[in-house]
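Just input_25.cif here, mmCIF, N, CA and C atoms and all ligand atoms:
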```cif
data_run
loop_
_atom_site.label_atom_id
_atom_site.label_comp_id
_atom_site.auth_asym_id
_atom_site.auth_seq_id
_atom_site.Cartn_x
_atom_site.Cartn_y
_atom_site.Cartn_z
N MET A 9 -43.79 49.68 -2.30
CA MET A 9 -43.62 48.36 -1.69
C MET A 9 -44.53 47.35 -2.36
N LEU A 10 -44.03 46.14 -2.51
CA LEU A 10 -44.84 45.11 -3.16
C LEU A 10 -45.90 44.57 -2.20
N CYS A 11 -47.04 44.27 -2.78
CA CYS A 11 -48.13 43.70 -1.99
C CYS A 11 -47.88 42.21 -1.81
N SER A 12 -48.08 41.72 -0.61
CA SER A 12 -47.99 40.26 -0.43
C SER A 12 -49.39 39.71 -0.63
N HIS A 13 -49.71 39.50 -1.89
CA HIS A 13 -51.09 39.21 -2.30
C HIS A 13 -51.74 38.06 -1.53
N GLU A 14 -53.00 38.23 -1.31
CA GLU A 14 -53.79 37.21 -0.63
C GLU A 14 -55.11 37.09 -1.38
N SER A 15 -55.38 35.92 -1.92
CA SER A 15 -56.57 35.76 -2.75
C SER A 15 -57.84 35.80 -1.92
N CYS A 16 -58.89 36.32 -2.53
CA CYS A 16 -60.18 36.42 -1.85
C CYS A 16 -60.81 35.03 -1.69
N PHE A 17 -61.87 34.96 -0.91
CA PHE A 17 -62.58 33.70 -0.74
C PHE A 17 -63.23 33.30 -2.05
N ARG A 18 -63.40 32.02 -2.23
CA ARG A 18 -63.93 31.48 -3.47
C ARG A 18 -65.28 32.12 -3.85
N GLU A 19 -66.13 32.37 -2.86
CA GLU A 19 -67.46 32.92 -3.13
C GLU A 19 -67.39 34.32 -3.72
N ARG A 20 -66.27 34.99 -3.49
CA ARG A 20 -66.17 36.38 -3.94
C ARG A 20 -65.41 36.53 -5.26
N GLN A 21 -64.99 35.41 -5.83
CA GLN A 21 -64.27 35.48 -7.10
C GLN A 21 -65.16 36.04 -8.20
N ILE A 22 -64.55 36.68 -9.17
CA ILE A 22 -65.35 37.27 -10.24
C ILE A 22 -65.18 36.50 -11.54
N ILE A 23 -66.24 36.52 -12.34
CA ILE A 23 -66.20 35.82 -13.63
C ILE A 23 -65.63 36.74 -14.69
N LEU A 24 -64.59 36.26 -15.35
CA LEU A 24 -63.93 37.04 -16.39
C LEU A 24 -63.56 36.11 -17.55
N PRO A 25 -63.38 36.68 -18.73
CA PRO A 25 -62.91 35.84 -19.83
C PRO A 25 -61.50 35.31 -19.54
N VAL A 26 -61.23 34.10 -20.00
CA VAL A 26 -59.89 33.53 -19.84
C VAL A 26 -59.06 33.95 -21.04
N GLU A 27 -57.91 34.51 -20.78
CA GLU A 27 -57.05 34.94 -21.87
C GLU A 27 -56.36 33.73 -22.49
N CYS A 28 -55.90 33.91 -23.73
CA CYS A 28 -55.10 32.91 -24.40
C CYS A 28 -55.84 31.60 -24.66
N THR A 29 -57.12 31.65 -24.81
CA THR A 29 -57.83 30.46 -25.27
C THR A 29 -58.54 30.84 -26.56
N HIS A 30 -58.88 29.84 -27.35
CA HIS A 30 -59.48 30.12 -28.65
C HIS A 30 -60.95 30.50 -28.50
N GLU A 31 -61.61 29.82 -27.61
CA GLU A 31 -63.02 30.15 -27.39
C GLU A 31 -63.11 31.31 -26.40
N SER A 32 -64.28 31.88 -26.35
CA SER A 32 -64.46 32.95 -25.38
C SER A 32 -64.95 32.37 -24.07
N ASP A 33 -64.10 31.59 -23.46
CA ASP A 33 -64.43 30.96 -22.17
C ASP A 33 -64.37 31.98 -21.04
N THR A 34 -65.15 31.73 -20.03
CA THR A 34 -65.02 32.54 -18.84
C THR A 34 -64.69 31.61 -17.67
N ALA A 35 -64.15 32.20 -16.63
CA ALA A 35 -63.82 31.40 -15.45
C ALA A 35 -63.84 32.29 -14.22
N TYR A 36 -63.95 31.66 -13.08
CA TYR A 36 -63.85 32.40 -11.83
C TYR A 36 -62.41 32.79 -11.58
N HIS A 37 -62.19 34.05 -11.34
CA HIS A 37 -60.84 34.55 -11.08
C HIS A 37 -60.73 35.04 -9.64
N PRO A 38 -59.74 34.56 -8.92
CA PRO A 38 -59.48 35.15 -7.60
C PRO A 38 -58.79 36.51 -7.75
N TRP A 39 -58.97 37.36 -6.78
CA TRP A 39 -58.29 38.65 -6.79
C TRP A 39 -57.76 38.92 -5.40
N CYS A 40 -56.81 39.84 -5.33
CA CYS A 40 -56.14 40.11 -4.06
C CYS A 40 -57.01 41.01 -3.18
N ILE A 41 -57.20 40.60 -1.95
CA ILE A 41 -58.04 41.37 -1.04
C ILE A 41 -57.35 42.64 -0.54
N HIS A 42 -56.04 42.77 -0.80
CA HIS A 42 -55.33 43.97 -0.35
C HIS A 42 -55.25 45.04 -1.44
N CYS A 43 -54.91 44.64 -2.65
CA CYS A 43 -54.72 45.65 -3.69
C CYS A 43 -55.70 45.51 -4.84
N GLY A 44 -56.50 44.46 -4.86
CA GLY A 44 -57.52 44.32 -5.89
C GLY A 44 -57.03 43.72 -7.20
N LEU A 45 -55.75 43.42 -7.27
CA LEU A 45 -55.19 42.84 -8.50
C LEU A 45 -55.82 41.48 -8.78
N ILE A 46 -56.15 41.24 -10.05
CA ILE A 46 -56.75 39.97 -10.42
C ILE A 46 -55.66 38.96 -10.77
N LYS A 47 -55.81 37.78 -10.24
CA LYS A 47 -54.78 36.76 -10.42
C LYS A 47 -54.78 36.23 -11.85
N ASN A 48 -53.60 36.02 -12.40
CA ASN A 48 -53.51 35.39 -13.71
C ASN A 48 -53.69 33.89 -13.55
N ILE A 49 -54.80 33.38 -14.11
CA ILE A 49 -55.03 31.93 -14.00
C ILE A 49 -54.98 31.27 -15.38
N SER A 50 -54.49 32.03 -16.37
CA SER A 50 -54.40 31.48 -17.73
C SER A 50 -53.26 30.48 -17.83
N GLU A 51 -53.18 29.83 -18.99
CA GLU A 51 -52.10 28.88 -19.26
C GLU A 51 -50.77 29.61 -19.41
N ASP A 52 -50.85 30.89 -19.66
CA ASP A 52 -49.69 31.72 -19.92
C ASP A 52 -49.02 32.10 -18.59
N ARG A 53 -48.38 31.12 -17.97
CA ARG A 53 -47.84 31.31 -16.62
C ARG A 53 -46.57 32.16 -16.63
N PRO A 54 -46.42 33.00 -15.63
CA PRO A 54 -45.17 33.75 -15.50
C PRO A 54 -44.08 32.85 -14.93
N LYS A 55 -42.82 33.26 -15.14
CA LYS A 55 -41.71 32.48 -14.60
C LYS A 55 -40.93 33.31 -13.61
N LYS A 56 -40.25 32.60 -12.71
CA LYS A 56 -39.48 33.30 -11.68
C LYS A 56 -38.26 33.97 -12.30
N ILE A 57 -37.72 34.94 -11.57
CA ILE A 57 -36.59 35.72 -12.05
C ILE A 57 -35.39 34.83 -12.44
N GLY A 58 -35.19 33.73 -11.72
CA GLY A 58 -34.08 32.81 -12.00
C GLY A 58 -34.13 32.27 -13.42
N TYR A 59 -35.33 31.99 -13.89
CA TYR A 59 -35.51 31.50 -15.25
C TYR A 59 -35.00 32.53 -16.26
N TRP A 60 -35.38 33.79 -16.03
CA TRP A 60 -35.00 34.85 -16.97
C TRP A 60 -33.51 35.15 -16.91
N MET A 61 -32.91 34.99 -15.74
CA MET A 61 -31.46 35.19 -15.61
C MET A 61 -30.73 34.11 -16.40
N ASN A 62 -31.28 32.89 -16.39
CA ASN A 62 -30.73 31.80 -17.18
C ASN A 62 -30.79 32.11 -18.66
N VAL A 63 -31.96 32.60 -19.08
CA VAL A 63 -32.15 32.96 -20.48
C VAL A 63 -31.15 34.04 -20.87
N LEU A 64 -30.97 35.01 -19.99
CA LEU A 64 -30.03 36.10 -20.24
C LEU A 64 -28.63 35.55 -20.43
N SER A 65 -28.27 34.59 -19.61
CA SER A 65 -26.95 34.02 -19.68
C SER A 65 -26.75 33.26 -21.01
N LYS A 66 -27.75 32.49 -21.42
CA LYS A 66 -27.67 31.80 -22.72
C LYS A 66 -27.61 32.80 -23.87
N LEU A 67 -28.41 33.82 -23.72
CA LEU A 67 -28.49 34.88 -24.73
C LEU A 67 -27.13 35.56 -24.90
N SER A 68 -26.43 35.74 -23.80
CA SER A 68 -25.16 36.46 -23.85
C SER A 68 -24.09 35.65 -24.60
N TYR A 69 -24.19 34.32 -24.55
CA TYR A 69 -23.27 33.50 -25.34
C TYR A 69 -23.62 33.57 -26.81
N ARG A 70 -24.90 33.45 -27.08
CA ARG A 70 -25.39 33.39 -28.45
C ARG A 70 -25.12 34.70 -29.20
N PHE A 71 -25.33 35.82 -28.54
CA PHE A 71 -25.20 37.10 -29.23
C PHE A 71 -24.01 37.92 -28.73
N SER A 72 -23.08 37.28 -28.06
CA SER A 72 -21.93 37.95 -27.47
C SER A 72 -22.24 39.31 -26.82
N ILE A 73 -23.03 39.21 -25.77
CA ILE A 73 -23.33 40.38 -24.95
C ILE A 73 -22.22 40.49 -23.90
N SER A 74 -21.70 41.67 -23.72
CA SER A 74 -20.57 41.83 -22.80
C SER A 74 -21.00 41.65 -21.34
N GLN A 75 -20.01 41.37 -20.49
CA GLN A 75 -20.27 41.23 -19.05
C GLN A 75 -20.96 42.46 -18.48
N CYS A 76 -20.48 43.60 -18.97
CA CYS A 76 -21.00 44.87 -18.47
C CYS A 76 -22.47 45.05 -18.86
N GLN A 77 -22.78 44.78 -20.12
CA GLN A 77 -24.17 44.86 -20.57
C GLN A 77 -25.04 43.90 -19.77
N LYS A 78 -24.51 42.69 -19.59
CA LYS A 78 -25.24 41.65 -18.88
C LYS A 78 -25.57 42.09 -17.45
N ARG A 79 -24.58 42.70 -16.82
CA ARG A 79 -24.79 43.16 -15.44
C ARG A 79 -25.89 44.22 -15.36
N LEU A 80 -25.85 45.14 -16.34
CA LEU A 80 -26.86 46.21 -16.36
C LEU A 80 -28.26 45.64 -16.60
N ILE A 81 -28.33 44.68 -17.52
CA ILE A 81 -29.63 44.06 -17.82
C ILE A 81 -30.15 43.30 -16.60
N ALA A 82 -29.26 42.52 -15.99
CA ALA A 82 -29.65 41.73 -14.82
C ALA A 82 -30.15 42.65 -13.69
N LYS A 83 -29.46 43.75 -13.52
CA LYS A 83 -29.83 44.69 -12.47
C LYS A 83 -31.21 45.28 -12.72
N GLU A 84 -31.45 45.60 -14.00
CA GLU A 84 -32.74 46.20 -14.34
C GLU A 84 -33.88 45.17 -14.22
N LEU A 85 -33.62 43.94 -14.67
CA LEU A 85 -34.66 42.90 -14.56
C LEU A 85 -35.01 42.67 -13.10
N ASP A 86 -33.97 42.67 -12.29
CA ASP A 86 -34.13 42.42 -10.87
C ASP A 86 -34.96 43.49 -10.17
N SER A 87 -35.04 44.67 -10.79
CA SER A 87 -35.80 45.75 -10.16
C SER A 87 -37.19 45.90 -10.79
N CYS A 88 -37.48 45.08 -11.81
CA CYS A 88 -38.81 45.13 -12.44
C CYS A 88 -39.80 44.33 -11.62
N LYS A 89 -40.92 44.94 -11.31
CA LYS A 89 -41.85 44.20 -10.48
C LYS A 89 -42.52 43.06 -11.26
N GLU A 90 -42.46 43.13 -12.61
CA GLU A 90 -43.00 42.05 -13.44
C GLU A 90 -42.32 40.70 -13.18
N PHE A 91 -41.08 40.74 -12.68
CA PHE A 91 -40.34 39.49 -12.47
C PHE A 91 -40.33 39.07 -11.01
N ILE A 92 -40.81 39.94 -10.15
CA ILE A 92 -40.78 39.66 -8.72
C ILE A 92 -42.19 39.30 -8.25
N ASP A 93 -43.14 40.11 -8.72
CA ASP A 93 -44.53 39.95 -8.29
C ASP A 93 -45.29 39.20 -9.39
N LEU A 94 -45.48 37.90 -9.23
CA LEU A 94 -46.02 37.07 -10.31
C LEU A 94 -47.53 36.89 -10.23
N TYR A 95 -48.16 37.52 -9.30
CA TYR A 95 -49.58 37.27 -9.04
C TYR A 95 -50.48 37.52 -10.25
N GLY A 96 -50.36 38.71 -10.83
CA GLY A 96 -51.29 39.07 -11.89
C GLY A 96 -50.67 39.09 -13.28
N ILE A 97 -49.40 38.68 -13.36
CA ILE A 97 -48.67 38.85 -14.60
C ILE A 97 -48.76 37.59 -15.49
N THR A 98 -48.70 37.78 -16.81
CA THR A 98 -48.67 36.63 -17.72
C THR A 98 -47.25 36.42 -18.22
N GLY A 99 -46.98 35.20 -18.69
CA GLY A 99 -45.66 34.90 -19.24
C GLY A 99 -45.32 35.79 -20.43
N SER A 100 -46.33 36.08 -21.26
CA SER A 100 -46.03 36.88 -22.46
C SER A 100 -45.73 38.34 -22.13
N SER A 101 -46.35 38.88 -21.08
CA SER A 101 -45.99 40.26 -20.77
C SER A 101 -44.60 40.31 -20.14
N GLN A 102 -44.22 39.24 -19.44
CA GLN A 102 -42.84 39.16 -18.93
C GLN A 102 -41.85 39.14 -20.10
N LYS A 103 -42.20 38.33 -21.10
CA LYS A 103 -41.32 38.17 -22.25
C LYS A 103 -41.13 39.52 -22.96
N GLU A 104 -42.22 40.24 -23.10
CA GLU A 104 -42.18 41.55 -23.73
C GLU A 104 -41.24 42.49 -22.97
N MET A 105 -41.39 42.47 -21.65
CA MET A 105 -40.57 43.30 -20.77
C MET A 105 -39.10 42.88 -20.88
N PHE A 106 -38.86 41.60 -20.93
CA PHE A 106 -37.51 41.05 -21.04
C PHE A 106 -36.85 41.55 -22.33
N VAL A 107 -37.56 41.39 -23.44
CA VAL A 107 -37.04 41.81 -24.74
C VAL A 107 -36.75 43.32 -24.74
N LYS A 108 -37.67 44.08 -24.18
CA LYS A 108 -37.51 45.53 -24.13
C LYS A 108 -36.25 45.92 -23.34
N THR A 109 -36.03 45.22 -22.22
CA THR A 109 -34.86 45.51 -21.39
C THR A 109 -33.57 45.16 -22.12
N ILE A 110 -33.54 44.00 -22.79
CA ILE A 110 -32.35 43.60 -23.55
C ILE A 110 -32.05 44.66 -24.62
N GLN A 111 -33.11 45.08 -25.30
CA GLN A 111 -32.94 46.03 -26.40
C GLN A 111 -32.45 47.39 -25.94
N LYS A 112 -32.74 47.71 -24.70
CA LYS A 112 -32.30 48.98 -24.14
C LYS A 112 -30.77 49.02 -24.07
N TYR A 113 -30.15 47.88 -23.84
CA TYR A 113 -28.70 47.83 -23.65
C TYR A 113 -27.94 47.20 -24.81
N CYS A 114 -28.65 46.46 -25.68
CA CYS A 114 -27.97 45.79 -26.78
C CYS A 114 -28.67 46.11 -28.09
N ASN A 115 -27.88 46.14 -29.13
CA ASN A 115 -28.43 46.43 -30.43
C ASN A 115 -28.88 45.12 -31.10
N LEU A 116 -29.96 44.56 -30.59
CA LEU A 116 -30.48 43.31 -31.13
C LEU A 116 -31.92 43.51 -31.58
N SER A 117 -32.26 42.91 -32.71
CA SER A 117 -33.62 43.10 -33.21
C SER A 117 -34.61 42.26 -32.42
N LYS A 118 -35.85 42.72 -32.43
CA LYS A 118 -36.90 42.02 -31.72
C LYS A 118 -37.09 40.61 -32.29
N ASN A 119 -36.99 40.50 -33.63
CA ASN A 119 -37.14 39.20 -34.29
C ASN A 119 -36.09 38.22 -33.84
N ASN A 120 -34.86 38.71 -33.80
CA ASN A 120 -33.74 37.90 -33.33
C ASN A 120 -33.99 37.35 -31.93
N LEU A 121 -34.40 38.25 -31.07
CA LEU A 121 -34.63 37.88 -29.67
C LEU A 121 -35.82 36.93 -29.55
N ASN A 122 -36.89 37.25 -30.24
CA ASN A 122 -38.09 36.42 -30.15
C ASN A 122 -37.85 35.01 -30.66
N SER A 123 -37.07 34.88 -31.73
CA SER A 123 -36.80 33.55 -32.27
C SER A 123 -35.96 32.74 -31.28
N PHE A 124 -35.10 33.45 -30.54
CA PHE A 124 -34.30 32.77 -29.52
C PHE A 124 -35.17 32.33 -28.33
N LEU A 125 -36.14 33.13 -28.02
CA LEU A 125 -36.96 32.86 -26.83
C LEU A 125 -38.04 31.80 -27.06
N CYS A 126 -38.35 31.50 -28.32
CA CYS A 126 -39.43 30.55 -28.57
C CYS A 126 -39.00 29.10 -28.39
ZN ZN B 201 -52.17 42.41 -3.59
#
```
Please rewrite the model in this file as structure tokens.
Amino acid sequence: MLCSHESCFRERQIILPVECTHESDTAYHPWCIHCGLIKNISEDRPKKIGYWMNVLSKLSYRFSISQCQKRLIAKELDSCKEFIDLYGITGSSQKEMFVKTIQKYCNLSKNNLNSFLC
């Protein structure tokens, strides 16, 4: 079951390096008081499942992915917690997961997919 994350009080936040910045900056990070997951506060924001379904739909026109493949991909994305539970996830790890799922059902190269996603 997914945790309905609840961030800790400000005083209890922990100092961690901020990902995706050039300098080695640190910042206070909130974490979930139920499961301990640290919240992603970087610029690399995750996107909701609807965004990825849109991308899938555009992708299917561009690379002629069949309805059947599309359905299987959509079903799998919908069951990935990376797209449902956005608390600790980064946009780039979502993208990686997205590409991996597409590749599982379609014979498309990573380069092809990445160039489309940028
Ligand atoms: Zn939690």
Closest atom pairs, chain A residues within 6 Å of ligand ZN 201 (chain B), only C-alpha atoms and all ligand atoms, as a Markdown table:
```
| residue | atom | partner | partner_atom | distance |
| --- | --- | --- | --- | --- |
| A:Cys11 | CA | B:ZN201 | ZN | 4.5 |
| A:Ser12 | CA | B:ZN201 | ZN | 5.7 |
| A:His13 | CA | B:ZN201 | ZN | 3.6 |
| A:Cys40 | CA | B:ZN201 | ZN | 4.6 |
| A:His42 | CA | B:ZN201 | ZN | 4.8 |
| A:Cys43 | CA | B:ZN201 | ZN | 4.1 |
| A:Leu45 | CA | B:ZN201 | ZN | 5.8 |
```
Expected file contents, prior selection, N, CA and C atoms, as a PDB file, keeping the file's coordinate frame:
```
ATOM      1  N   CYS A  11     -47.040  44.270  -2.780  1.00  0.00           N
ATOM      2  CA  CYS A  11     -48.130  43.700  -1.990  1.00  0.00           C
ATOM      3  C   CYS A  11     -47.880  42.210  -1.810  1.00  0.00           C
ATOM      4  N   SER A  12     -48.080  41.720  -0.610  1.00  0.00           N
ATOM      5  CA  SER A  12     -47.990  40.260  -0.430  1.00  0.00           C
ATOM      6  C   SER A  12     -49.390  39.710  -0.630  1.00  0.00           C
ATOM      7  N   HIS A  13     -49.710  39.500  -1.890  1.00  0.00           N
ATOM      8  CA  HIS A  13     -51.090  39.210  -2.300  1.00  0.00           C
ATOM      9  C   HIS A  13     -51.740  38.060  -1.530  1.00  0.00           C
ATOM     10  N   CYS A  40     -56.810  39.840  -5.330  1.00  0.00           N
ATOM     11  CA  CYS A  40     -56.140  40.110  -4.060  1.00  0.00           C
ATOM     12  C   CYS A  40     -57.010  41.010  -3.180  1.00  0.00           C
ATOM     13  N   HIS A  42     -56.040  42.770  -0.800  1.00  0.00           N
ATOM     14  CA  HIS A  42     -55.330  43.970  -0.350  1.00  0.00           C
ATOM     15  C   HIS A  42     -55.250  45.040  -1.440  1.00  0.00           C
ATOM     16  N   CYS A  43     -54.910  44.640  -2.650  1.00  0.00           N
ATOM     17  CA  CYS A  43     -54.720  45.650  -3.690  1.00  0.00           C
ATOM     18  C   CYS A  43     -55.700  45.510  -4.840  1.00  0.00           C
ATOM     19  N   LEU A  45     -55.750  43.420  -7.270  1.00  0.00           N
ATOM     20  CA  LEU A  45     -55.190  42.840  -8.500  1.00  0.00           C
ATOM     21  C   LEU A  45     -55.820  41.480  -8.780  1.00  0.00           C
TER      22      LEU A  45
END
```
Hey, what does DSSP flag as strand (DSSP E) within chain A? Can you give it to me as a ChimeraX atom specification? /A:22-25,34-37
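Taking CA of Leu67 in chain A and CA of Phe124 in chain A as endpoints, the distance between them is 7.8 Å.
Using only C-alpha atoms, the smallest distance between any of A:Ile49, A:Cys126, A:Val26, A:Leu10 and Thr98 in chain A comes from A:Ile49.
Comparing A:Leu125, A:Cys16, A:Ile97, A:Met9 by their smallest distance to Arg53 in chain A, the closest is A:Ile97 (using all atoms listed in the file).
The smallest atom-to-atom distance between Cys114 in chain A and any of A:Ser50, A:Gln77, A:Thr34, A:Ser101, using all atoms listed in the file, is found for A:Gln77.
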Looking at only C-alpha atoms, which of A:Arg70, A:Lys78, A:Lys103, A:Arg20 is the one that sits closest to Ile57 in chain A? A:Lys103
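Rounded to one decimal, CA of His37 in chain A and CA of Ile22 in chain A lie 5.3 Å from each other.
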Closest to Ile92 in chain A among A:Ser74, A:Ala35, A:Gln21, A:Lys56, using all atoms listed in the file? A:Lys56
So which bits of chain A end up helix (DSSP H, G or I) when you DSSP the backbone, as a ChimeraX atom specification? /A:18-20,57-70,75-87,89-92,99-113,118-125
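Distances from A:Ile73, A:Ile46, A:Ala82, A:Ile23 to Met61 in chain A were compared using all atoms listed in the file, and the smallest one belongs to A:Ala82.
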Emit as JSON the padded axis-aligned box for all listed atoms of range 78-85 of chain A, 5 Å per side, with centre and edge lengths in Å to one decimal.
```
{"center_x": -29.8, "center_y": 43.9, "center_z": -16.0, "size_x": 20.5, "size_y": 14.6, "size_z": 17.1}
```
Please compute the CA of Ser72 in chain A-atom C of Lys108 in chain A distance, one decimal, in Å. 16.9 Å
Can you find the residues with an atom no farther than 6.5 Å from (-41.8, 36.4, -25.2), counting all atoms listed in the file, and report them as a short mmCIF file (atom, residue, chain, number, x, y, z; two decimals) with N, CA and C atoms, in the coordinates of the input?
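Writing the result to point.cif gives the following:
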```
data_model
loop_
_atom_site.label_atom_id
_atom_site.label_comp_id
_atom_site.auth_asym_id
_atom_site.auth_seq_id
_atom_site.Cartn_x
_atom_site.Cartn_y
_atom_site.Cartn_z
N GLY A 99 -46.98 35.20 -18.69
CA GLY A 99 -45.66 34.90 -19.24
C GLY A 99 -45.32 35.79 -20.43
N SER A 100 -46.33 36.08 -21.26
CA SER A 100 -46.03 36.88 -22.46
C SER A 100 -45.73 38.34 -22.13
N GLN A 102 -44.22 39.24 -19.44
CA GLN A 102 -42.84 39.16 -18.93
C GLN A 102 -41.85 39.14 -20.10
N LYS A 103 -42.20 38.33 -21.10
CA LYS A 103 -41.32 38.17 -22.25
C LYS A 103 -41.13 39.52 -22.96
N GLU A 104 -42.22 40.24 -23.10
CA GLU A 104 -42.18 41.55 -23.73
C GLU A 104 -41.24 42.49 -22.97
N ASN A 122 -36.89 37.25 -30.24
CA ASN A 122 -38.09 36.42 -30.15
C ASN A 122 -37.85 35.01 -30.66
N LEU A 125 -36.14 33.13 -28.02
CA LEU A 125 -36.96 32.86 -26.83
C LEU A 125 -38.04 31.80 -27.06
#
```
